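Enquirer: Next up, coords15.txt (compact mmCIF, C-alpha atoms and all ligand atoms).
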# COMPACT_ATOMS: atom_id res chain seq x y z
CA MET A 1 85.18 59.77 -16.75
CA ARG A 2 85.65 63.49 -16.69
CA ILE A 3 82.75 65.82 -16.65
CA MET A 4 83.92 69.36 -16.44
CA ARG A 5 81.35 71.19 -14.49
CA ASN A 6 81.37 74.58 -16.00
CA VAL A 7 79.24 76.71 -13.84
CA VAL A 8 76.75 78.05 -16.26
CA GLY A 9 76.00 81.21 -14.35
CA GLN A 10 72.51 82.17 -13.30
CA ALA A 11 72.96 85.80 -14.22
CA VAL A 12 73.23 85.00 -17.90
CA ASN A 13 73.87 87.77 -20.35
CA LEU A 14 73.85 87.74 -24.11
CA THR A 15 76.54 89.49 -26.12
CA LYS A 16 75.72 91.66 -29.10
CA GLU A 17 76.89 88.88 -31.39
CA GLU A 18 74.75 86.28 -29.62
CA MET A 19 71.73 88.56 -29.93
CA GLU A 20 72.32 88.53 -33.67
CA ILE A 21 72.97 84.79 -33.91
CA TYR A 22 69.71 84.01 -32.13
CA ASP A 23 67.76 86.94 -33.60
CA ARG A 24 65.22 84.88 -35.53
CA GLN A 25 64.21 82.71 -32.60
CA ILE A 26 64.24 85.58 -30.10
CA ARG A 27 61.59 87.13 -32.34
CA ILE A 28 59.22 84.21 -31.73
CA THR A 29 56.33 85.29 -29.54
CA GLY A 30 56.70 83.66 -26.14
CA PHE A 31 60.38 82.80 -26.68
CA GLY A 32 62.14 86.16 -26.60
CA ILE A 33 65.33 87.17 -24.82
CA GLU A 34 64.09 85.43 -21.69
CA GLY A 35 63.84 82.10 -23.52
CA GLN A 36 67.30 82.60 -24.96
CA LYS A 37 68.80 83.34 -21.55
CA LYS A 38 67.14 80.26 -20.12
CA LEU A 39 68.65 78.10 -22.85
CA LYS A 40 72.07 79.58 -22.20
CA SER A 41 71.79 78.75 -18.50
CA LYS A 42 71.01 75.05 -19.13
CA ARG A 43 73.01 71.86 -19.55
CA ALA A 44 71.99 68.99 -21.83
CA LEU A 45 73.34 65.46 -22.07
CA VAL A 46 73.13 63.67 -25.42
CA ILE A 47 73.78 59.93 -25.09
CA GLY A 48 74.80 58.43 -28.42
CA ILE A 49 75.83 60.68 -31.30
CA GLY A 50 74.73 58.60 -34.25
CA GLY A 51 71.76 59.29 -36.51
CA LEU A 52 69.57 60.76 -33.78
CA GLY A 53 72.39 62.29 -31.75
CA SER A 54 73.91 64.13 -34.75
CA ILE A 55 70.65 65.97 -35.28
CA ILE A 56 69.88 66.52 -31.61
CA ALA A 57 73.35 67.88 -30.83
CA THR A 58 73.40 70.11 -33.90
CA TYR A 59 70.07 71.75 -33.15
CA LEU A 60 70.74 72.18 -29.44
CA THR A 61 74.04 73.82 -30.36
CA VAL A 62 72.67 76.28 -32.87
CA ALA A 63 69.75 77.04 -30.55
CA GLY A 64 72.26 78.12 -27.89
CA VAL A 65 71.91 75.64 -25.01
CA GLY A 66 74.67 76.71 -22.60
CA LYS A 67 76.45 73.42 -22.11
CA ILE A 68 76.14 70.21 -24.10
CA ILE A 69 77.79 66.94 -23.11
CA LEU A 70 78.06 64.30 -25.84
CA VAL A 71 78.80 60.71 -24.86
CA ASP A 72 79.61 57.96 -27.35
CA ARG A 73 82.21 55.23 -27.27
CA ASP A 74 82.18 54.54 -31.02
CA LYS A 75 84.37 55.54 -33.90
CA VAL A 76 83.05 56.88 -37.20
CA GLU A 77 82.38 54.19 -39.82
CA LEU A 78 81.47 54.37 -43.49
CA THR A 79 78.05 52.82 -42.79
CA ASN A 80 77.24 55.87 -40.61
CA MET A 81 77.37 58.26 -43.56
CA ASN A 82 73.74 57.92 -44.72
CA ARG A 83 72.45 59.58 -41.55
CA GLN A 84 75.13 60.76 -39.13
CA ILE A 85 75.54 64.18 -40.64
CA LEU A 86 78.11 65.50 -38.18
CA TYR A 87 80.80 63.36 -39.80
CA ASN A 88 82.65 63.52 -43.09
CA ILE A 89 84.12 60.59 -44.96
CA ASP A 90 87.60 61.57 -43.80
CA ASP A 91 86.49 61.28 -40.16
CA VAL A 92 86.21 57.50 -40.52
CA GLY A 93 88.18 55.86 -37.72
CA LYS A 94 88.07 58.88 -35.42
CA ALA A 95 86.14 58.97 -32.13
CA LYS A 96 82.64 60.35 -32.76
CA ALA A 97 82.49 62.31 -29.52
CA ARG A 98 85.69 64.20 -30.37
CA VAL A 99 84.82 64.94 -33.99
CA ALA A 100 81.28 65.99 -33.07
CA ALA A 101 82.36 68.29 -30.24
CA GLU A 102 84.94 70.00 -32.42
CA LYS A 103 82.49 70.62 -35.26
CA LEU A 104 79.77 71.88 -32.98
CA ARG A 105 82.12 74.31 -31.23
CA ARG A 106 82.89 75.80 -34.63
CA MET A 107 79.20 75.95 -35.44
CA ASN A 108 78.51 77.95 -32.31
CA PRO A 109 81.48 79.06 -30.19
CA TYR A 110 79.12 80.41 -27.54
CA VAL A 111 78.10 76.91 -26.56
CA ASP A 112 80.33 74.85 -24.29
CA VAL A 113 80.40 71.46 -26.03
CA GLU A 114 82.15 68.57 -24.36
CA GLY A 115 82.68 65.23 -26.08
CA VAL A 116 83.34 62.17 -23.94
CA VAL A 117 84.51 58.90 -25.49
CA GLU A 118 82.97 56.43 -23.10
CA GLU A 119 80.38 53.71 -22.87
CA ILE A 120 77.39 54.47 -20.67
CA ASN A 121 76.95 51.84 -17.97
CA GLU A 122 75.60 51.25 -14.45
CA ASP A 123 78.72 52.75 -12.89
CA ASN A 124 78.86 56.08 -14.67
CA ILE A 125 75.26 56.94 -15.61
CA ASP A 126 74.34 58.56 -12.29
CA ASP A 127 77.18 61.09 -12.43
CA TYR A 128 76.27 62.09 -15.96
CA VAL A 129 72.57 62.49 -15.25
CA LYS A 130 73.13 64.42 -12.01
CA SER A 131 75.30 66.98 -13.78
CA VAL A 132 72.69 68.14 -16.33
CA ASP A 133 69.20 69.64 -16.67
CA ILE A 134 67.95 67.31 -19.40
CA VAL A 135 68.92 64.02 -21.07
CA LEU A 136 68.33 63.12 -24.73
CA ASP A 137 68.18 59.65 -26.24
CA GLY A 138 70.49 59.02 -29.18
CA LEU A 139 70.90 55.36 -28.29
CA ASP A 140 70.54 52.24 -30.40
CA ASN A 141 69.39 49.70 -27.80
CA PHE A 142 66.79 49.38 -25.04
CA ARG A 143 69.14 47.92 -22.44
CA THR A 144 70.95 51.27 -22.15
CA ARG A 145 67.76 53.30 -22.68
CA LEU A 146 66.18 51.66 -19.63
CA LEU A 147 69.36 52.25 -17.64
CA VAL A 148 69.24 55.94 -18.57
CA ASN A 149 65.51 56.11 -17.87
CA ASP A 150 66.00 54.71 -14.36
CA ALA A 151 68.76 57.20 -13.56
CA CYS A 152 66.62 60.07 -14.86
CA VAL A 153 63.78 58.89 -12.60
CA ARG A 154 66.17 58.63 -9.61
CA TYR A 155 67.47 62.15 -10.09
CA ARG A 156 64.25 63.63 -11.50
CA ARG A 157 65.77 64.76 -14.76
CA PRO A 158 63.61 65.09 -17.87
CA PHE A 159 64.45 62.44 -20.46
CA ILE A 160 63.47 62.66 -24.13
CA HIS A 161 63.17 59.21 -25.65
CA GLY A 162 63.44 58.59 -29.37
CA ALA A 163 64.03 55.52 -31.53
CA VAL A 164 63.98 54.69 -35.25
CA SER A 165 63.79 51.80 -37.66
CA GLY A 166 63.39 52.01 -41.41
CA PHE A 167 60.91 54.81 -42.13
CA ASN A 168 59.42 54.58 -38.64
CA GLY A 169 60.13 56.30 -35.39
CA GLN A 170 58.81 57.24 -31.98
CA VAL A 171 59.22 59.98 -29.40
CA MET A 172 58.15 60.39 -25.77
CA ASP A 173 58.99 63.02 -23.14
CA ILE A 174 59.58 61.73 -19.65
CA ILE A 175 59.25 64.06 -16.69
CA PRO A 176 59.71 61.73 -13.74
CA PHE A 177 56.72 61.52 -11.38
CA LYS A 178 54.80 64.10 -13.43
CA GLY A 179 54.01 61.56 -16.13
CA PRO A 180 54.84 58.01 -17.19
CA CYS A 181 58.45 56.95 -17.74
CA LEU A 182 59.92 54.71 -20.44
CA ARG A 183 59.47 51.64 -18.24
CA CYS A 184 55.75 52.41 -17.99
CA VAL A 185 55.72 51.58 -21.72
CA VAL A 186 58.59 49.09 -21.95
CA PRO A 187 58.89 47.53 -18.46
CA LYS A 188 61.54 44.99 -19.42
CA GLU A 189 64.27 44.86 -22.00
CA PRO A 190 63.00 43.53 -25.32
CA GLN A 191 65.04 41.12 -27.37
CA GLU A 192 66.95 43.39 -29.69
CA GLU A 193 66.51 43.55 -33.41
CA SER A 194 69.63 42.35 -35.14
CA LYS A 195 72.59 44.59 -34.34
CA VAL A 196 72.15 46.28 -37.70
CA VAL A 197 68.93 48.31 -37.76
CA PRO A 198 67.91 49.40 -41.26
CA VAL A 199 67.21 53.12 -41.41
CA ILE A 200 67.16 56.02 -43.86
CA GLY A 201 68.74 59.29 -42.70
CA VAL A 202 65.59 61.36 -42.97
CA THR A 203 63.87 59.21 -40.34
CA SER A 204 66.68 59.85 -37.85
CA ALA A 205 66.52 63.54 -38.74
CA LEU A 206 62.77 63.67 -38.21
CA VAL A 207 62.85 61.94 -34.83
CA GLY A 208 66.05 63.71 -33.72
CA SER A 209 64.66 67.15 -34.46
CA ILE A 210 61.44 66.37 -32.59
CA GLU A 211 63.58 65.34 -29.61
CA ALA A 212 65.55 68.59 -29.82
CA LEU A 213 62.32 70.59 -30.13
CA GLU A 214 60.89 68.94 -27.02
CA ALA A 215 64.12 69.69 -25.13
CA ILE A 216 64.04 73.36 -26.17
CA LYS A 217 60.44 73.59 -24.98
CA LEU A 218 61.20 71.98 -21.63
CA LEU A 219 64.36 74.05 -21.06
CA THR A 220 62.59 77.32 -21.80
CA GLY A 221 59.27 76.33 -20.26
CA ILE A 222 57.23 77.18 -23.34
CA GLY A 223 54.57 75.10 -25.07
CA GLU A 224 53.16 71.77 -24.06
CA PRO A 225 55.54 68.82 -23.72
CA LEU A 226 54.81 65.32 -25.04
CA VAL A 227 54.27 63.98 -21.53
CA GLY A 228 51.80 61.16 -21.08
CA TYR A 229 51.75 60.67 -24.82
CA PHE A 230 53.74 58.53 -27.19
CA LEU A 231 54.26 59.77 -30.75
CA VAL A 232 54.51 57.11 -33.45
CA ILE A 233 55.73 58.23 -36.86
CA ASN A 234 55.14 56.30 -40.06
CA GLY A 235 57.23 58.09 -42.67
CA LEU A 236 56.36 55.82 -45.54
CA HIS A 237 52.65 56.60 -45.31
CA MET A 238 53.23 59.98 -43.64
CA ARG A 239 51.06 59.41 -40.62
CA PHE A 240 51.77 60.74 -37.16
CA LYS A 241 49.77 59.07 -34.42
CA THR A 242 49.80 59.90 -30.73
CA PHE A 243 48.92 57.26 -28.18
CA LYS A 244 48.15 57.88 -24.55
CA VAL A 245 50.46 56.42 -21.92
CA ILE A 246 49.47 55.85 -18.32
CA ARG A 247 51.84 56.04 -15.38
CA ARG A 248 51.76 52.54 -13.95
CA PRO A 249 51.40 52.02 -10.21
CA ASN A 250 53.54 48.90 -10.62
CA CYS A 251 56.21 50.50 -12.83
CA PRO A 252 59.63 49.08 -11.88
CA ALA A 253 61.13 52.60 -12.11
CA CYS A 254 58.54 55.22 -11.16
CA GLY A 255 55.81 53.09 -9.56
CA LYS A 256 54.42 53.76 -6.12
CA GLY A 257 56.71 52.73 -3.30
CA ILE A 258 59.81 52.73 -5.52
CA SER A 259 60.80 56.30 -4.75
CA LYS A 260 59.09 59.64 -4.78
CA MET B 1 32.17 40.15 -29.96
CA ARG B 2 34.07 42.01 -32.63
CA ILE B 3 37.51 43.61 -32.32
CA TYR B 4 39.28 45.88 -34.78
CA VAL B 5 43.02 45.27 -35.15
CA LYS B 6 45.42 47.54 -37.02
CA PHE B 7 49.01 46.68 -37.89
CA TYR B 8 51.95 49.02 -38.33
CA ALA B 9 55.31 49.20 -40.09
CA LYS B 10 57.23 45.92 -40.33
CA ILE B 11 54.46 43.93 -38.70
CA ARG B 12 52.04 45.23 -41.31
CA ASP B 13 54.47 44.24 -44.07
CA GLU B 14 55.04 40.78 -42.62
CA ILE B 15 51.40 40.04 -41.98
CA GLY B 16 50.46 41.45 -45.38
CA ILE B 17 47.36 43.42 -44.38
CA ASP B 18 46.66 46.81 -42.84
CA HIS B 19 43.88 45.80 -40.47
CA MET B 20 41.30 43.12 -39.72
CA PHE B 21 38.11 42.53 -37.81
CA LEU B 22 38.21 39.61 -35.41
CA ASP B 23 35.18 37.75 -34.22
CA MET B 24 36.06 36.32 -30.83
CA GLY B 25 32.86 34.61 -29.76
CA ASN B 26 30.68 35.74 -26.91
CA ASN B 27 33.07 36.10 -24.00
CA PRO B 28 35.71 38.78 -23.43
CA SER B 29 39.08 37.49 -24.68
CA ARG B 30 42.49 37.70 -23.17
CA LEU B 31 45.16 39.55 -25.13
CA ILE B 32 47.21 36.41 -25.81
CA GLU B 33 44.10 34.70 -27.19
CA VAL B 34 43.56 37.59 -29.58
CA ILE B 35 47.21 37.45 -30.66
CA ARG B 36 47.00 33.73 -31.33
CA GLU B 37 43.75 34.19 -33.22
CA ILE B 38 45.37 36.76 -35.53
CA ASP B 39 48.26 34.38 -36.27
CA ARG B 40 45.84 31.48 -36.79
CA ARG B 41 43.84 33.54 -39.30
CA MET B 42 46.94 34.49 -41.22
CA ASN B 43 48.46 31.02 -41.02
CA LYS B 44 51.73 32.50 -39.82
CA LYS B 45 53.17 32.79 -36.36
CA ILE B 46 54.12 36.47 -36.55
CA ILE B 47 52.50 38.44 -33.76
CA GLU B 48 53.18 35.86 -31.08
CA GLU B 49 56.88 35.88 -32.06
CA TYR B 50 57.04 39.66 -31.61
CA TYR B 51 55.06 39.33 -28.38
CA VAL B 52 57.30 36.67 -26.85
CA ARG B 53 60.40 38.67 -27.72
CA ARG B 54 58.74 41.84 -26.34
CA ARG B 55 59.45 43.57 -29.62
CA LEU B 56 56.08 45.26 -30.05
CA LEU B 57 53.87 47.98 -28.67
CA ILE B 58 50.17 47.36 -28.23
CA SER B 59 47.55 50.02 -27.81
CA ILE B 60 43.96 49.38 -26.84
CA ASN B 61 41.55 52.18 -27.67
CA ASP B 62 44.49 54.57 -28.21
CA THR B 63 46.21 53.88 -24.89
CA LEU B 64 49.45 51.90 -24.81
CA ILE B 65 49.30 48.90 -22.51
CA ASP B 66 51.88 46.95 -20.56
CA ILE B 67 52.06 43.74 -22.58
CA ASP B 68 52.43 41.75 -19.34
CA ASP B 69 49.07 42.92 -18.06
CA ASP B 70 46.33 40.33 -18.19
CA ILE B 71 43.90 42.37 -20.22
CA LEU B 72 40.43 41.35 -21.29
CA LEU B 73 39.26 42.65 -24.63
CA ARG B 74 35.67 43.57 -25.15
CA ASP B 75 33.29 44.07 -28.01
CA GLY B 76 34.17 47.15 -30.05
CA ASP B 77 37.75 47.42 -28.78
CA LYS B 78 40.33 48.82 -31.17
CA ILE B 79 43.83 47.36 -31.03
CA ASP B 80 46.95 48.83 -32.61
CA ILE B 81 49.96 46.54 -32.94
CA MET B 82 53.32 48.02 -33.91
CA PRO B 83 56.92 46.88 -33.79
CA LEU B 84 59.21 48.54 -31.27
CA PRO B 85 62.03 50.27 -33.14
CA SER B 86 65.37 50.34 -31.35
CA GLY B 87 67.73 52.15 -33.72
CA GLY B 88 69.36 55.49 -33.20
ZN ZN A 301 57.41 54.41 -14.95
Kindly present the structure from the file in structure tokens form.
Expert:
Amino acid sequence: MRIMRNVVGQAVNLTKEEMEIYDRQIRITGFGIEGQKKLKSKRALVIGIGGLGSIIATYLTVAGVGKIILVDRDKVELTNMNRQILYNIDDVGKAKARVAAEKLRRMNPYVDVEGVVEEINEDNIDDYVKSVDIVLDGLDNFRTRLLVNDACVRYRRPFIHGAVSGFNGQVMDIIPFKGPCLRCVVPKEPQEESKVVPVIGVTSALVGSIEALEAIKLLTGIGEPLVGYFLVINGLHMRFKTFKVIRRPNCPACGKGISK
Amino acid sequence: MRIYVKFYAKIRDEIGIDHMFLDMGNNPSRLIEVIREIDRRMNKKIIEEYYVRRRLLISINDTLIDIDDDILLRDGDKIDIMPLPSGG
């Protein structure tokens, strides 16, 4: 594994061109130049660059997050095309992380995008999580999601969870020890759906952009994050419902006595 | 006691209805008893399958619960049962 630790300087300045690129969001009340500088000083990790990750990475890039690390071991396949909008048909067979990083750098050359072709596992997750300010879920299974959740709890990094199936999706922000974590909702690994999860691209886009929005809020410190709540989206009937989530004293990851 | 149960997404499709009212007798019922009662009513073993495979989320009165908790349901409780999506 190679994570290049670009020091994203604290004394961040915006060039004239950057001021123009980000003009429309800098104009948002409460966001401003300060918000833009904060984004530029932050590092985000996107794990999985499929349907969710394509959207997450794209919007974090155009928003101007300073450094974005993309991790995915897979190659582009034809069956990705209905939702993984970072790839073109002629990218089939190429490593997603490389194709995605190259496209995103062209989209916004002011963002340092790094693509790593690697599988996330017990041995490498800690180093990834430690090196960033926020982690975003672009994964397709709960085994790895729980692994990522636990590392984020260990190193106190915010983790934005998202998942999709069909026309349905869900999102939850995890700020370790300030609110419940993913294991407070899903304590143990569920039996997976079949390897092939049916999904339409718009669902991934919907959930992915909510994840990116939550990350932008947390990185700039504006708004109210989806902490302690669990958003369930039913696209087919167009209902958004928010459930409460309680931090469990007996949570295997963030429960009392586990760590603090 | 009467409990309101609402189903979501694939579970709703499989069970074929949006919601139901369950009459559970006079005593508070355990969650697994409620799940079995739903399946018994529908003549299909659907919810228990999802439950055993941990492939669902359950909310009681708008708060998600740990499905391993031994929870007693009471008169007037509202349960939401939804499948846990895992795709990305
Ligand atoms: Zn927890």
Enquirer: Which protein, DNA or RNA residues have an atom within 10 Å of ligand ZN 301 (chain A), counting only C-alpha atoms and all ligand atoms, as number ranges by chain?
Expert: A: 149-150, 153, 174-177, 179-187, 246-256, 258
Enquirer: Using only C-alpha atoms, collect all residues at a distance of at most 9 Å from (43.1, 51.3, -37.7) as written in the file, then present them as a PyMOL selection string.
Expert: chain B and resi 4-7+18-20+78-80
Enquirer: Extract, using all atoms listed in the file, all DNA, RNA and protein residues at most 12 Å from Met82 in chain B, discarding same-chain residues fewer than 4 positions from it, and format them as a CSV table (one decimal) with C-alpha atoms, in the frame of the given file.
Expert:
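The resulting file, selection22.csv, is shown below:
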chain,number,residue,atom,x,y,z
A,165,SER,CA,63.8,51.8,-37.7
A,168,ASN,CA,59.4,54.6,-38.6
A,169,GLY,CA,60.1,56.3,-35.4
A,170,GLN,CA,58.8,57.2,-32.0
A,232,VAL,CA,54.5,57.1,-33.4
A,233,ILE,CA,55.7,58.2,-36.9
A,234,ASN,CA,55.1,56.3,-40.1
A,241,LYS,CA,49.8,59.1,-34.4
A,243,PHE,CA,48.9,57.3,-28.2
B,5,VAL,CA,43.0,45.3,-35.2
B,6,LYS,CA,45.4,47.5,-37.0
B,7,PHE,CA,49.0,46.7,-37.9
B,8,TYR,CA,52.0,49.0,-38.3
B,9,ALA,CA,55.3,49.2,-40.1
B,10,LYS,CA,57.2,45.9,-40.3
B,11,ILE,CA,54.5,43.9,-38.7
B,12,ARG,CA,52.0,45.2,-41.3
B,13,ASP,CA,54.5,44.2,-44.1
B,14,GLU,CA,55.0,40.8,-42.6
B,15,ILE,CA,51.4,40.0,-42.0
B,18,ASP,CA,46.7,46.8,-42.8
B,19,HIS,CA,43.9,45.8,-40.5
B,46,ILE,CA,54.1,36.5,-36.6
B,47,ILE,CA,52.5,38.4,-33.8
B,50,TYR,CA,57.0,39.7,-31.6
B,51,TYR,CA,55.1,39.3,-28.4
B,54,ARG,CA,58.7,41.8,-26.3
B,55,ARG,CA,59.4,43.6,-29.6
B,56,LEU,CA,56.1,45.3,-30.0
B,57,LEU,CA,53.9,48.0,-28.7
B,58,ILE,CA,50.2,47.4,-28.2
B,59,SER,CA,47.6,50.0,-27.8
B,60,ILE,CA,44.0,49.4,-26.8
B,64,LEU,CA,49.4,51.9,-24.8
Enquirer: Restrict the distance test to only C-alpha atoms, flag each residue of chain A within 6 Å of chain B, and return the flagged residues as number ranges by chain.
Expert: A: 51-52, 138-141, 163-165, 190-191, 197, 243-245
Enquirer: List the neighbours of Gly50 in chain A out to 12 Å using all atoms listed in the file; skip same-chain residues closer than 4 positions along the sequence, and give me the result as a VMD selection string.
Expert: (chain A and resid 46 54 to 58 70 to 77 79 to 87 95 to 97 99 to 100 137 to 140 163 to 164 199 201 204 to 205 208) or (chain B and resid 87 to 88)
Enquirer: Could you please take those selected residues and save C-alpha atoms as a PDB file, in the coordinates of the input?
Expert:
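Saved to part08.pdb:
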ATOM      1  CA  VAL A  46      73.130  63.670 -25.420  1.00  0.00           C
ATOM      2  CA  SER A  54      73.910  64.130 -34.750  1.00  0.00           C
ATOM      3  CA  ILE A  55      70.650  65.970 -35.280  1.00  0.00           C
ATOM      4  CA  ILE A  56      69.880  66.520 -31.610  1.00  0.00           C
ATOM      5  CA  ALA A  57      73.350  67.880 -30.830  1.00  0.00           C
ATOM      6  CA  THR A  58      73.400  70.110 -33.900  1.00  0.00           C
ATOM      7  CA  LEU A  70      78.060  64.300 -25.840  1.00  0.00           C
ATOM      8  CA  VAL A  71      78.800  60.710 -24.860  1.00  0.00           C
ATOM      9  CA  ASP A  72      79.610  57.960 -27.350  1.00  0.00           C
ATOM     10  CA  ARG A  73      82.210  55.230 -27.270  1.00  0.00           C
ATOM     11  CA  ASP A  74      82.180  54.540 -31.020  1.00  0.00           C
ATOM     12  CA  LYS A  75      84.370  55.540 -33.900  1.00  0.00           C
ATOM     13  CA  VAL A  76      83.050  56.880 -37.200  1.00  0.00           C
ATOM     14  CA  GLU A  77      82.380  54.190 -39.820  1.00  0.00           C
ATOM     15  CA  THR A  79      78.050  52.820 -42.790  1.00  0.00           C
ATOM     16  CA  ASN A  80      77.240  55.870 -40.610  1.00  0.00           C
ATOM     17  CA  MET A  81      77.370  58.260 -43.560  1.00  0.00           C
ATOM     18  CA  ASN A  82      73.740  57.920 -44.720  1.00  0.00           C
ATOM     19  CA  ARG A  83      72.450  59.580 -41.550  1.00  0.00           C
ATOM     20  CA  GLN A  84      75.130  60.760 -39.130  1.00  0.00           C
ATOM     21  CA  ILE A  85      75.540  64.180 -40.640  1.00  0.00           C
ATOM     22  CA  LEU A  86      78.110  65.500 -38.180  1.00  0.00           C
ATOM     23  CA  TYR A  87      80.800  63.360 -39.800  1.00  0.00           C
ATOM     24  CA  ALA A  95      86.140  58.970 -32.130  1.00  0.00           C
ATOM     25  CA  LYS A  96      82.640  60.350 -32.760  1.00  0.00           C
ATOM     26  CA  ALA A  97      82.490  62.310 -29.520  1.00  0.00           C
ATOM     27  CA  VAL A  99      84.820  64.940 -33.990  1.00  0.00           C
ATOM     28  CA  ALA A 100      81.280  65.990 -33.070  1.00  0.00           C
ATOM     29  CA  ASP A 137      68.180  59.650 -26.240  1.00  0.00           C
ATOM     30  CA  GLY A 138      70.490  59.020 -29.180  1.00  0.00           C
ATOM     31  CA  LEU A 139      70.900  55.360 -28.290  1.00  0.00           C
ATOM     32  CA  ASP A 140      70.540  52.240 -30.400  1.00  0.00           C
ATOM     33  CA  ALA A 163      64.030  55.520 -31.530  1.00  0.00           C
ATOM     34  CA  VAL A 164      63.980  54.690 -35.250  1.00  0.00           C
ATOM     35  CA  VAL A 199      67.210  53.120 -41.410  1.00  0.00           C
ATOM     36  CA  GLY A 201      68.740  59.290 -42.700  1.00  0.00           C
ATOM     37  CA  SER A 204      66.680  59.850 -37.850  1.00  0.00           C
ATOM     38  CA  ALA A 205      66.520  63.540 -38.740  1.00  0.00           C
ATOM     39  CA  GLY A 208      66.050  63.710 -33.720  1.00  0.00           C
TER      40      GLY A 208
ATOM     41  CA  GLY B  87      67.730  52.150 -33.720  1.00  0.00           C
ATOM     42  CA  GLY B  88      69.360  55.490 -33.200  1.00  0.00           C
TER      43      GLY B  88
END
Enquirer: Restricting the calculation to only C-alpha atoms: of A:Val129, A:Leu213, A:Met19, A:Leu78, which residue gets closest to Val92 in chain A?
Expert: A:Leu78
Enquirer: Can you measure CA of Ile210 in chain A to CA of Arg239 in chain A for me? One decimal in Å is fine.
Expert: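 Between CA of Ile210 in chain A and CA of Arg239 in chain A the gap works out to 14.9 Å.
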